[in-house]
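**Q** work_4.txt (compact mmCIF, C-alpha atoms) pasted underneath:
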# COMPACT_ATOMS: atom_id res chain seq x y z
CA MET O 13 -51.38 53.98 74.09
CA THR O 14 -53.27 53.12 70.91
CA ALA O 15 -55.32 56.06 69.69
CA VAL O 16 -58.87 55.31 68.59
CA VAL O 17 -59.81 58.93 67.96
CA THR O 18 -57.58 61.87 67.17
CA ALA O 19 -59.12 65.33 67.00
CA HIS O 20 -56.91 68.20 66.00
CA GLY O 21 -58.01 71.84 66.07
CA VAL O 22 -61.66 70.94 65.56
CA THR O 23 -63.84 74.03 65.12
CA LYS O 24 -67.53 74.10 64.28
CA ARG O 25 -69.45 77.24 63.44
CA PHE O 26 -73.16 77.61 62.95
CA GLY O 27 -73.48 81.07 61.36
CA ASP O 28 -71.81 83.42 63.80
CA VAL O 29 -72.04 80.94 66.68
CA THR O 30 -68.89 78.97 67.43
CA ALA O 31 -70.06 75.64 68.86
CA LEU O 32 -66.56 74.13 69.04
CA ASP O 33 -63.44 76.22 69.20
CA ASP O 34 -60.09 74.65 68.33
CA VAL O 35 -60.62 71.39 70.22
CA SER O 36 -57.79 68.84 70.23
CA PHE O 37 -57.56 65.54 72.09
CA VAL O 38 -56.89 61.83 71.71
CA LEU O 39 -59.13 58.97 72.82
CA ALA O 40 -57.25 55.78 73.70
CA GLU O 41 -58.50 52.25 73.24
CA HIS O 42 -59.96 50.41 76.24
CA THR O 43 -60.78 53.51 78.24
CA ILE O 44 -64.00 54.92 79.68
CA TYR O 45 -64.25 58.68 79.23
CA GLY O 46 -66.61 61.13 80.87
CA LEU O 47 -67.54 63.94 78.48
CA LEU O 48 -68.75 66.70 80.75
CA GLY O 49 -70.03 70.23 80.30
CA ARG O 50 -73.13 72.36 80.55
CA ASN O 51 -76.04 72.25 78.11
CA GLY O 52 -74.99 73.92 74.88
CA ALA O 53 -71.28 73.51 75.66
CA GLY O 54 -70.75 71.57 72.43
CA LYS O 55 -70.73 67.94 73.64
CA THR O 56 -73.35 66.62 71.22
CA THR O 57 -71.85 68.57 68.30
CA LEU O 58 -68.50 66.99 69.09
CA MET O 59 -69.96 63.49 69.17
CA GLN O 60 -71.78 64.14 65.89
CA ILE O 61 -68.50 65.10 64.25
CA LEU O 62 -66.70 62.06 65.68
CA THR O 63 -69.44 59.76 64.39
CA GLY O 64 -69.48 61.26 60.91
CA GLN O 65 -72.89 62.90 61.29
CA ALA O 66 -71.56 66.42 60.97
CA PHE O 67 -68.59 68.14 59.38
CA ALA O 68 -66.12 70.24 61.28
CA SER O 69 -65.77 73.78 59.91
CA SER O 70 -62.04 73.36 60.28
CA GLY O 71 -59.60 70.95 61.88
CA ASN O 72 -59.08 67.22 61.47
CA VAL O 73 -60.78 64.19 62.92
CA SER O 74 -59.51 60.68 62.56
CA VAL O 75 -61.39 57.65 63.89
CA PHE O 76 -59.63 54.29 63.66
CA ASP O 77 -57.06 56.06 61.50
CA ALA O 78 -59.53 57.37 58.93
CA PRO O 79 -62.01 60.21 58.49
CA PRO O 80 -65.39 59.00 59.78
CA VAL O 81 -67.74 60.75 57.33
CA GLU O 82 -69.44 58.25 55.00
CA ASN O 83 -66.84 55.64 55.87
CA PRO O 84 -68.61 52.31 56.49
CA ALA O 85 -65.40 50.57 57.61
CA VAL O 86 -65.06 53.09 60.45
CA LEU O 87 -68.73 53.50 61.27
CA SER O 88 -69.28 49.74 61.67
CA LYS O 89 -67.01 49.99 64.73
CA VAL O 90 -68.89 52.96 66.21
CA CYS O 91 -72.12 53.06 68.19
CA PHE O 92 -73.76 56.38 69.10
CA VAL O 93 -76.62 56.20 71.60
CA ARG O 94 -78.39 59.52 71.40
CA GLU O 95 -80.52 61.22 73.96
CA SER O 96 -83.53 61.17 71.62
CA GLN O 97 -82.88 58.38 69.18
CA ARG O 98 -85.53 58.16 66.45
CA TYR O 99 -86.77 54.84 65.09
CA PRO O 100 -89.20 54.05 62.27
CA HIS O 101 -92.60 54.70 63.83
CA PHE O 102 -93.91 51.14 63.37
CA TYR O 103 -90.84 49.47 65.00
CA THR O 104 -91.29 47.33 68.07
CA VAL O 105 -88.59 46.76 70.70
CA ARG O 106 -87.93 43.41 69.03
CA ASP O 107 -87.48 45.11 65.62
CA VAL O 108 -84.94 47.53 67.06
CA LEU O 109 -82.86 44.70 68.56
CA ARG O 110 -83.10 42.72 65.31
CA THR O 111 -81.88 45.70 63.27
CA ALA O 112 -79.07 46.38 65.72
CA ARG O 113 -77.92 42.77 65.35
CA ARG O 114 -77.38 43.39 61.63
CA LEU O 115 -75.63 46.72 62.18
CA PHE O 116 -73.00 45.80 64.75
CA ALA O 117 -70.34 43.19 64.11
CA ASN O 118 -69.79 42.38 67.81
CA TRP O 119 -73.49 42.29 68.72
CA ASP O 120 -74.33 39.81 71.49
CA ASP O 121 -77.95 38.75 71.17
CA THR O 122 -78.07 36.85 74.47
CA PHE O 123 -76.64 39.84 76.33
CA ALA O 124 -79.15 42.14 74.57
CA HIS O 125 -82.15 40.05 75.57
CA GLY O 126 -80.83 39.70 79.11
CA LEU O 127 -80.54 43.48 79.36
CA ALA O 128 -84.00 43.98 77.85
CA ALA O 129 -85.41 41.60 80.46
CA ASP O 130 -83.50 43.34 83.28
CA PHE O 131 -84.92 46.70 82.18
CA GLN O 132 -88.35 45.08 81.79
CA LEU O 133 -88.69 46.17 78.17
CA PRO O 134 -91.80 44.72 76.52
CA ALA O 135 -90.45 43.08 73.34
CA GLY O 136 -93.66 43.39 71.34
CA ARG O 137 -94.43 47.00 72.16
CA GLN O 138 -94.04 49.70 69.52
CA VAL O 139 -91.18 52.03 70.31
CA ARG O 140 -93.38 55.12 69.95
CA ARG O 141 -95.56 53.76 72.77
CA LEU O 142 -92.63 53.39 75.20
CA SER O 143 -92.30 55.71 78.17
CA ARG O 144 -89.33 58.09 78.28
CA GLY O 145 -87.53 55.79 80.70
CA MET O 146 -88.14 52.70 78.58
CA LEU O 147 -86.87 54.51 75.50
CA SER O 148 -83.67 55.33 77.38
CA ALA O 149 -83.40 51.71 78.56
CA LEU O 150 -83.70 50.56 74.95
CA GLY O 151 -80.89 52.90 73.91
CA VAL O 152 -78.69 51.68 76.74
CA THR O 153 -79.44 48.05 75.82
CA VAL O 154 -78.42 48.65 72.20
CA GLY O 155 -75.32 50.60 73.22
CA LEU O 156 -74.08 47.89 75.59
CA ALA O 157 -74.96 44.82 73.50
CA ALA O 158 -73.41 46.35 70.36
CA ARG O 159 -69.99 46.05 72.03
CA ALA O 160 -68.75 48.55 69.46
CA PRO O 161 -65.02 49.32 69.86
CA LEU O 162 -66.05 53.00 70.15
CA THR O 163 -69.34 53.66 71.93
CA PHE O 164 -70.88 57.05 72.67
CA PHE O 165 -73.65 57.48 75.23
CA ASP O 166 -75.15 60.97 75.00
CA GLU O 167 -77.21 61.60 78.16
CA PRO O 168 -78.39 58.01 77.93
CA TYR O 169 -80.70 57.94 80.90
CA LEU O 170 -83.40 60.55 80.71
CA GLY O 171 -86.35 59.15 82.64
CA LEU O 172 -84.39 56.25 84.10
CA ASP O 173 -84.80 55.96 87.85
CA ALA O 174 -81.88 55.46 90.23
CA ALA O 175 -82.24 51.66 90.26
CA ALA O 176 -82.21 51.46 86.45
CA ARG O 177 -79.18 53.77 86.27
CA GLN O 178 -77.34 51.59 88.77
CA LEU O 179 -78.20 48.59 86.60
CA PHE O 180 -76.69 50.39 83.62
CA TYR O 181 -73.47 51.25 85.51
CA ASP O 182 -73.11 47.69 86.85
CA ARG O 183 -73.71 46.07 83.46
CA LEU O 184 -71.35 48.53 81.79
CA LEU O 185 -68.52 47.77 84.23
CA ALA O 186 -69.08 44.02 84.12
CA ASP O 187 -69.24 43.87 80.33
CA TYR O 188 -66.36 46.28 79.90
CA ALA O 189 -64.22 43.99 82.07
CA GLY O 190 -64.77 41.09 79.70
CA HIS O 191 -64.90 43.16 76.52
CA PRO O 192 -62.76 46.27 76.90
CA ARG O 193 -63.56 49.10 74.50
CA THR O 194 -63.60 52.85 74.32
CA VAL O 195 -66.68 54.35 75.90
CA VAL O 196 -67.58 58.03 75.94
CA LEU O 197 -70.22 58.85 78.50
CA SER O 198 -71.76 62.30 78.23
CA THR O 199 -73.71 63.11 81.35
CA HIS O 200 -74.81 65.70 83.88
CA LEU O 201 -74.98 63.13 86.68
CA ILE O 202 -71.30 63.59 87.38
CA ASP O 203 -71.21 62.27 90.94
CA GLU O 204 -72.77 59.02 89.74
CA VAL O 205 -70.11 58.35 87.13
CA SER O 206 -67.05 59.94 88.72
CA ASP O 207 -65.69 56.57 89.96
CA LEU O 208 -66.61 54.82 86.71
CA VAL O 209 -64.73 56.96 84.24
CA GLU O 210 -60.98 56.77 83.86
CA ARG O 211 -60.57 60.11 82.17
CA VAL O 212 -62.50 63.35 82.04
CA LEU O 213 -62.99 65.69 79.10
CA LEU O 214 -64.65 68.93 80.17
CA ILE O 215 -66.03 71.25 77.49
CA ASP O 216 -67.11 74.78 78.25
CA ARG O 217 -68.55 77.12 75.63
CA GLY O 218 -66.94 75.15 72.83
CA ARG O 219 -63.50 74.94 74.37
CA LEU O 220 -61.79 71.94 75.94
CA LEU O 221 -61.20 72.97 79.56
CA LEU O 222 -59.90 69.71 81.02
CA ASP O 223 -58.49 66.47 79.63
CA GLU O 224 -57.27 64.59 82.73
CA ASP O 225 -57.37 61.39 84.74
CA ALA O 226 -60.50 61.34 86.88
CA ASP O 227 -58.48 60.20 89.90
CA ASP O 228 -56.14 63.18 89.56
CA LEU O 229 -59.12 65.55 89.65
CA ARG O 230 -60.32 64.32 93.02
CA ALA O 231 -59.54 67.00 95.53
CA ARG O 232 -58.16 69.25 92.80
CA ALA O 233 -59.98 72.01 94.63
CA VAL O 234 -60.97 72.49 98.26
CA ALA O 235 -63.67 74.41 100.05
CA VAL O 236 -62.14 76.43 102.89
CA THR O 237 -64.50 77.54 105.64
CA GLY O 238 -63.71 79.81 108.54
CA ARG O 239 -63.50 83.40 109.71
CA ALA O 240 -62.93 85.85 106.85
CA GLU O 241 -59.37 86.88 107.86
CA ALA O 242 -58.34 83.27 108.33
CA VAL O 243 -59.77 82.23 104.96
CA ASP O 244 -58.09 85.21 103.33
CA GLY O 245 -54.82 84.10 104.89
CA PHE O 246 -55.26 80.63 103.47
CA ALA O 247 -56.38 81.89 100.05
CA ALA O 248 -53.50 84.33 99.64
CA GLY O 249 -51.54 83.51 96.52
CA ARG O 250 -54.00 80.78 95.44
CA THR O 251 -56.69 80.81 92.78
CA GLU O 252 -60.13 81.38 94.22
CA LEU O 253 -63.03 80.01 92.18
CA HIS O 254 -65.91 81.00 94.37
CA ARG O 255 -66.77 82.67 97.64
CA GLU O 256 -69.84 82.53 99.88
CA ARG O 257 -70.43 84.26 103.17
CA LEU O 258 -72.70 83.92 106.18
CA SER O 259 -72.22 86.75 108.67
CA GLY O 260 -68.58 86.40 109.81
CA LEU O 261 -68.14 83.00 108.18
CA VAL O 262 -66.68 82.64 104.71
CA ARG O 263 -66.51 79.60 102.45
CA SER O 264 -64.04 79.93 99.64
CA THR O 265 -63.46 77.44 96.86
CA ILE O 266 -59.80 77.29 96.05
CA LEU O 267 -57.91 75.53 93.30
CA GLY O 268 -55.07 73.35 94.53
CA GLY O 269 -54.76 70.12 96.39
CA LEU O 270 -54.81 69.11 100.02
CA GLY O 271 -51.10 68.59 100.48
CA PRO O 272 -49.66 68.12 103.98
CA HIS O 273 -48.56 71.76 103.85
CA ALA O 274 -52.14 72.93 103.19
CA LYS O 275 -53.41 70.79 106.07
CA ALA O 276 -50.88 72.25 108.49
CA LEU O 277 -51.71 75.79 107.37
CA ALA O 278 -55.43 75.11 107.78
CA GLN O 279 -54.84 73.82 111.28
CA ALA O 280 -52.76 76.86 112.18
CA LEU O 281 -55.39 79.27 110.80
CA ASN O 282 -58.26 77.23 112.25
CA VAL O 283 -60.13 76.84 108.97
CA GLU O 284 -61.97 73.72 107.78
CA LEU O 285 -60.88 72.07 104.55
CA ALA O 286 -63.25 69.92 102.51
CA PRO O 287 -62.31 68.37 99.19
CA LEU O 288 -64.50 69.24 96.21
CA SER O 289 -66.22 66.41 94.38
CA LEU O 290 -65.75 66.18 90.62
CA GLN O 291 -69.29 67.50 90.17
CA GLN O 292 -68.65 70.52 92.38
CA LEU O 293 -65.38 71.18 90.58
CA VAL O 294 -67.11 71.10 87.21
CA VAL O 295 -69.83 73.44 88.51
CA ARG O 296 -67.25 75.89 89.79
CA LEU O 297 -65.17 75.74 86.61
CA THR O 298 -68.09 76.20 84.24
CA ALA O 299 -70.52 78.46 86.11
CA PRO O 300 -70.44 82.01 84.76
CA PRO O 301 -69.49 84.61 87.40
CA THR O 302 -72.71 85.77 89.01
CA THR O 303 -73.43 89.33 90.06
CA THR O 304 -73.70 88.34 93.73
CA ALA O 305 -70.35 86.55 93.60
CA ALA O 306 -68.80 89.66 92.09
CA ALA O 307 -70.37 91.77 94.83
CA ASP O 308 -69.08 89.34 97.42
CA ARG O 309 -65.60 89.61 96.04
CA GLU O 310 -65.91 93.38 96.07
CA ALA O 311 -67.14 93.32 99.66
CA ALA O 312 -64.31 91.01 100.62
CA ARG O 313 -61.71 93.59 99.66
CA MET U 477 -64.99 55.47 97.55
CA ASP U 478 -65.70 58.71 99.24
CA ASP U 479 -62.74 60.37 100.83
CA ASP U 480 -60.43 62.85 99.17
CA ARG U 481 -57.54 60.50 98.44
CA PRO U 482 -57.10 59.02 94.99
CA ILE U 483 -59.24 55.91 94.52
CA PHE U 484 -56.29 53.75 93.50
CA ARG U 485 -54.64 54.56 96.85
CA GLN U 486 -57.82 53.64 98.72
CA ILE U 487 -58.00 50.31 96.89
CA ALA U 488 -54.38 49.60 97.81
CA GLU U 489 -55.09 50.38 101.47
CA LEU U 490 -58.19 48.18 101.54
CA ILE U 491 -56.08 45.24 100.39
CA GLU U 492 -53.37 46.16 102.89
CA ASN U 493 -55.96 46.21 105.68
CA SER U 494 -57.15 42.73 104.71
CA ILE U 495 -53.57 41.51 104.87
CA ILE U 496 -52.91 43.17 108.23
CA ASP U 497 -56.11 41.84 109.84
CA GLY U 498 -55.41 38.38 108.49
CA SER U 499 -58.38 38.01 106.16
CA LEU U 500 -55.90 37.73 103.29
CA VAL U 501 -53.10 35.42 104.38
CA GLU U 502 -49.69 35.20 102.76
CA GLU U 503 -49.68 33.26 99.49
CA ALA U 504 -53.47 33.75 99.21
CA GLN U 505 -54.85 34.96 95.90
CA VAL U 506 -56.27 38.49 95.97
CA PRO U 507 -59.41 39.44 94.02
CA SER U 508 -58.85 40.29 90.36
CA THR U 509 -58.97 43.91 89.25
CA ASN U 510 -62.27 43.22 87.52
CA GLU U 511 -63.73 41.78 90.73
CA LEU U 512 -62.45 44.78 92.70
CA ALA U 513 -63.87 47.16 90.07
CA ALA U 514 -67.29 45.51 90.08
CA PHE U 515 -67.48 45.32 93.89
CA HIS U 516 -66.41 48.91 94.53
CA ARG U 517 -68.09 50.22 91.35
CA ILE U 518 -64.95 51.83 90.06
CA ASN U 519 -63.08 51.83 86.78
CA PRO U 520 -61.02 48.64 86.28
CA ALA U 521 -57.97 50.69 85.24
CA THR U 522 -58.11 52.48 88.61
CA ALA U 523 -58.37 49.18 90.47
CA ALA U 524 -55.42 47.87 88.46
CA LYS U 525 -53.38 50.93 89.39
CA GLY U 526 -53.97 50.21 93.10
CA VAL U 527 -53.02 46.56 92.73
CA ASN U 528 -49.94 47.42 90.66
CA GLN U 529 -48.75 49.78 93.34
CA LEU U 530 -48.83 46.90 95.83
CA VAL U 531 -46.90 44.76 93.35
CA SER U 532 -44.21 47.39 92.93
CA GLU U 533 -43.95 47.71 96.72
CA GLY U 534 -43.50 43.93 97.02
CA THR U 535 -46.73 43.38 98.96
CA LEU U 536 -48.27 41.34 96.13
CA TYR U 537 -46.67 39.33 93.40
CA LYS U 538 -47.95 38.26 90.01
CA ARG U 539 -48.24 34.67 88.79
CA ARG U 540 -48.48 34.94 85.07
CA GLY U 541 -51.84 33.82 83.77
CA ILE U 542 -53.19 33.04 87.23
CA GLY U 543 -53.43 36.25 89.22
CA MET U 544 -52.05 38.23 92.14
CA PHE U 545 -50.94 36.73 95.44
CA VAL U 546 -49.88 38.04 98.84
CA ALA U 547 -46.10 37.96 99.14
CA GLY U 548 -44.34 36.20 101.99
CA GLY U 549 -43.51 38.58 104.85
CA ALA U 550 -46.00 41.16 103.55
CA ARG U 551 -47.98 41.30 106.78
CA ALA U 552 -44.94 42.02 108.96
CA ARG U 553 -43.69 44.71 106.56
CA LEU U 554 -47.08 46.41 106.39
CA ARG U 555 -47.45 46.37 110.15
CA GLU U 556 -44.01 47.90 110.52
CA ARG U 557 -44.85 50.66 108.04
CA ARG U 558 -48.20 51.41 109.68
CA ARG U 559 -46.54 51.59 113.09
CA GLU U 560 -44.07 54.14 111.78
CA ARG U 561 -46.98 56.33 110.64
CA PHE U 562 -49.04 55.78 113.78
CA THR U 563 -47.66 58.77 115.69
CA GLU U 564 -48.22 61.20 112.86
CA GLN U 565 -51.64 59.85 111.90
CA TYR U 566 -53.22 59.26 115.30
CA VAL U 567 -51.16 60.57 118.20
CA GLU U 568 -50.42 64.04 116.86
CA PRO U 569 -54.04 64.96 116.05
CA LEU U 570 -55.14 63.49 119.39
CA LEU U 571 -52.64 65.64 121.29
CA ALA U 572 -53.51 68.74 119.24
CA GLU U 573 -57.21 68.41 120.06
CA ALA U 574 -56.48 67.62 123.71
CA ARG U 575 -54.33 70.74 123.96
CA LYS U 576 -57.09 72.82 122.36
CA LEU U 577 -59.61 71.55 124.94
CA GLY U 578 -57.24 71.88 127.88
CA ILE U 579 -57.11 68.13 128.56
CA GLY U 580 -53.94 67.44 130.51
CA HIS U 581 -51.57 64.49 130.34
CA ASP U 582 -53.00 62.58 133.32
CA GLU U 583 -56.60 63.07 132.23
CA LEU U 584 -55.80 61.91 128.72
CA MET U 585 -54.05 58.80 130.02
CA LYS U 586 -57.01 58.03 132.24
CA MET U 587 -59.34 58.37 129.25
CA ILE U 588 -57.34 55.92 127.20
CA ASP U 589 -57.22 53.42 130.05
CA SER U 590 -60.91 53.64 130.90
CA PHE U 591 -62.03 53.57 127.24
CA GLY U 592 -59.90 50.51 126.68
CA ALA U 593 -61.57 48.88 129.65
CA VAL U 594 -65.06 49.81 128.43
CA VAL U 595 -64.60 48.21 125.02
CA GLY U 596 -62.88 45.27 126.69
CA ARG U 597 -59.82 45.66 124.53
CA ASP U 598 -57.23 47.34 126.71
CA LEU U 599 -53.83 47.49 125.18
CA GLY U 600 -52.30 45.25 127.83
Hey, can you dump this file as structure tokens for me?
**A**
Amino acid sequence: MTAVVTAHGVTKRFGDVTALDDVSFVLAEHTIYGLLGRNGAGKTTLMQILTGQAFASSGNVSVFDAPPVENPAVLSKVCFVRESQRYPHFYTVRDVLRTARRLFANWDDTFAHGLAADFQLPAGRQVRRLSRGMLSALGVTVGLAARAPLTFFDEPYLGLDAAARQLFYDRLLADYAGHPRTVVLSTHLIDEVSDLVERVLLIDRGRLLLDEDADDLRARAVAVTGRAEAVDGFAAGRTELHRERLSGLVRSTILGGLGPHAKALAQALNVELAPLSLQQLVVRLTAPPTTTAAADREAAR
Amino acid sequence: MDDDRPIFRQIAELIENSIIDGSLVEEAQVPSTNELAAFHRINPATAAKGVNQLVSEGTLYKRRGIGMFVAGGARARLRERRRERFTEQYVEPLLAEARKLGIGHDELMKMIDSFGAVVGRDLG
């Protein structure tokens, strides 16, 4: 595996707030990553550090084997599509694409104009007069057509409808097939991208919680539904992430896969097993314990 | 891709199914990993993992620079393997549910016969 990014012990403090806490990972070439986590978890701060727009308080970052800050050789290979990208206020869509062509060595002008047409972007319109969705479409167009060896998409589709998002996913996959690169996709629409990403990085309150193959995370946890005693019998000795109840019925979210042994036990105890989607798993791993859940756990004893 | 098994395994089984039902004949070229990825909207590396599993099992073979092809004898081997798993995958759960509902042996047999007749595909 060829490393494109190496982060070692990266910590970022803003006053007494720790935005990133001792984060270490490696990003490989030719891989699509999902960077997941709640708002304020530290995703954008991390991407700013990796793209040389912010300094880590401590720790080391290396991008294409060099520190990224004020390093044109590195930054020419990096594209960062931000949630709210700012452009000079008089720029038109055409101006943005023209500027991007000068900035990115691998820029494909034909691809860019094809994408702009697919997203129905009006070339002559000033960027400040674009709708929220069009602004996102412009960012996505730049990010794809740049074909940068390392591309970050930070919540790239605010205001994009389902059809436009599907267009983005399809174009990303098709272009990635012909031009493999490292893509980091930060998003809250986890179910939409769970089949697209090869690896998942999950950040929670500044800490790296998961760094795993997306396929390995499928069915990492199961929801077990049945009568309370039966669910307790199944849950015994396993890690319970969450519990809900409806009269005599309990649904418990349990860490651990659906091995043949688990299926046999479920059948014997007469409980239903349902695998957790990646999105549900992320929700359960990153949701703070609520007072009702605590009360439920208390009541369950 | 929407069940709980790893996607690469599902991709491998989809190709196996096409071989078993004859839509991919022996020595035919299978879709490339990029075509599989685009069609199923999955990561190309995941599609490649599924295809590579079939290569390592001898179901597919690689022609350098051209692509992947169905190996000779693959269909017969896959059918044999599926038959070995048939009891565990289909008969056991059927019998477990029948037992739970109090459906006896004769009744169950009658159901299978009459359902086969209804869909016009009795097992002969």
**Q** I need the residue nearest Ala513 of chain U from this list: O:Arg255, O:Gly249, O:Val209, O:Leu261. Use all atoms listed in the file for the distance.
**A**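 Closest to Ala513 of chain U, using all atoms listed in the file: O:Val209.
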**Q** Can you list, as a PyMOL selection string, every protein, DNA or RNA residue that comes within 8 Å of Asp216 of chain O when you count all atoms listed in the file, leaving out same-chain residues fewer than 3 positions away?
**A** chain O and resi 49-50+53-54+219-221+298
**Q** Given the choices U:Pro482, U:Gly526, U:Gly534, U:Gly543, which gets closest to Gln505 of chain U if the distance is worked out from all atoms listed in the file?
**A**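 Checking each of U:Pro482, U:Gly526, U:Gly534, U:Gly543 against Gln505 of chain U, counting all atoms listed in the file, the winner is U:Gly543.
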**Q** Distance cut-off 12 Å, counting only C-alpha atoms - which residues of chain O neighbour chain U? Return them as an MDAnalysis selection string.
**A** chainID O and resid 42:46 178:192 195 203:211 225:234 269:272 275:276 279:280 282 285:290
**Q** Using all atoms listed in the file, which residue out of O:Ser143, O:Thr194, O:Thr199, O:Asn118 lies closest to Arg159 of chain O?
**A**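 Residue with the minimum atom-to-atom distance to Arg159 of chain O: O:Asn118.
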**Q** Write out as JSON, numbers by chain each polymer residue whose atoms come within 12 Å of Glu492 of chain U, counting only C-alpha atoms; drop sequence neighbours fewer than 2 positions from it.
**A** {"U": [485, 486, 487, 488, 489, 490, 494, 495, 496, 497, 498, 499, 500, 501, 502, 506, 526, 527, 529, 530, 531, 533, 534, 535, 536, 546, 547, 550, 551, 552, 553, 554, 555, 557, 558]}
**Q** In Å, with one decimal, what is the gap from atom CA of Arg239 of chain O to atom CA of Arg575 of chain U?
**A**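 Computing the Euclidean distance for atom CA of Arg239 of chain O and atom CA of Arg575 of chain U yields 21.2 Å.
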**Q** List as a PyMOL selection string the residues having at least one atom at most 8 Å from position (-56.1, 69.0, 72.4) as given in the file, counting only C-alpha atoms.
**A** chain O and resi 19-21+35-38+220
**Q** Can you tell me, as a count of residues only, what residues are no more than 9 Å from Tyr99 of chain O when counting only C-alpha atoms, ignoring any on the same chain fewer than 6 positions away?
**A** 3
**Q** Considering all atoms listed in the file, can you say which of O:Ala85, O:Leu213, O:Leu47, O:Asp33 comes closest to Ser70 of chain O?
**A**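 Looking at the shortest contact to Ser70 of chain O, the residue is O:Asp33.
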**Q** At what distance in Å, to one decimal, does atom CA of Met59 of chain O lie from atom CA of Arg113 of chain O?
**A**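 Atom CA of Arg113 of chain O sits 22.5 Å away from atom CA of Met59 of chain O.
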**Q** How about completing segment 570-582 of chain U with N, CA and C atoms and giving it to me as a compact mmCIF listing (two decimals), keeping the file's coordinate frame?
**A**
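selection_12.txt written:
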# COMPACT_ATOMS: atom_id res chain seq x y z
N LEU U 570 -54.55 63.69 118.07
CA LEU U 570 -55.14 63.49 119.39
C LEU U 570 -54.59 64.52 120.37
N LEU U 571 -53.26 64.70 120.35
CA LEU U 571 -52.64 65.64 121.29
C LEU U 571 -53.03 67.08 120.94
N ALA U 572 -53.15 67.38 119.64
CA ALA U 572 -53.51 68.74 119.24
C ALA U 572 -54.90 69.10 119.75
N GLU U 573 -55.85 68.15 119.61
CA GLU U 573 -57.21 68.41 120.06
C GLU U 573 -57.26 68.48 121.59
N ALA U 574 -56.51 67.61 122.25
CA ALA U 574 -56.48 67.62 123.71
C ALA U 574 -55.96 68.96 124.23
N ARG U 575 -54.91 69.46 123.57
CA ARG U 575 -54.33 70.74 123.96
C ARG U 575 -55.37 71.86 123.79
N LYS U 576 -56.09 71.81 122.65
CA LYS U 576 -57.09 72.82 122.36
C LYS U 576 -58.17 72.85 123.44
N LEU U 577 -58.53 71.66 123.97
CA LEU U 577 -59.61 71.55 124.94
C LEU U 577 -59.11 71.63 126.37
N GLY U 578 -57.80 71.78 126.54
CA GLY U 578 -57.24 71.88 127.88
C GLY U 578 -57.25 70.55 128.63
N ILE U 579 -57.17 69.45 127.91
CA ILE U 579 -57.11 68.13 128.56
C ILE U 579 -55.64 67.83 128.86
N GLY U 580 -55.33 67.65 130.11
CA GLY U 580 -53.94 67.44 130.51
C GLY U 580 -53.48 66.00 130.33
N HIS U 581 -52.19 65.80 130.56
CA HIS U 581 -51.57 64.49 130.34
C HIS U 581 -52.26 63.39 131.15
N ASP U 582 -52.45 63.63 132.46
CA ASP U 582 -53.00 62.58 133.32
C ASP U 582 -54.43 62.24 132.91
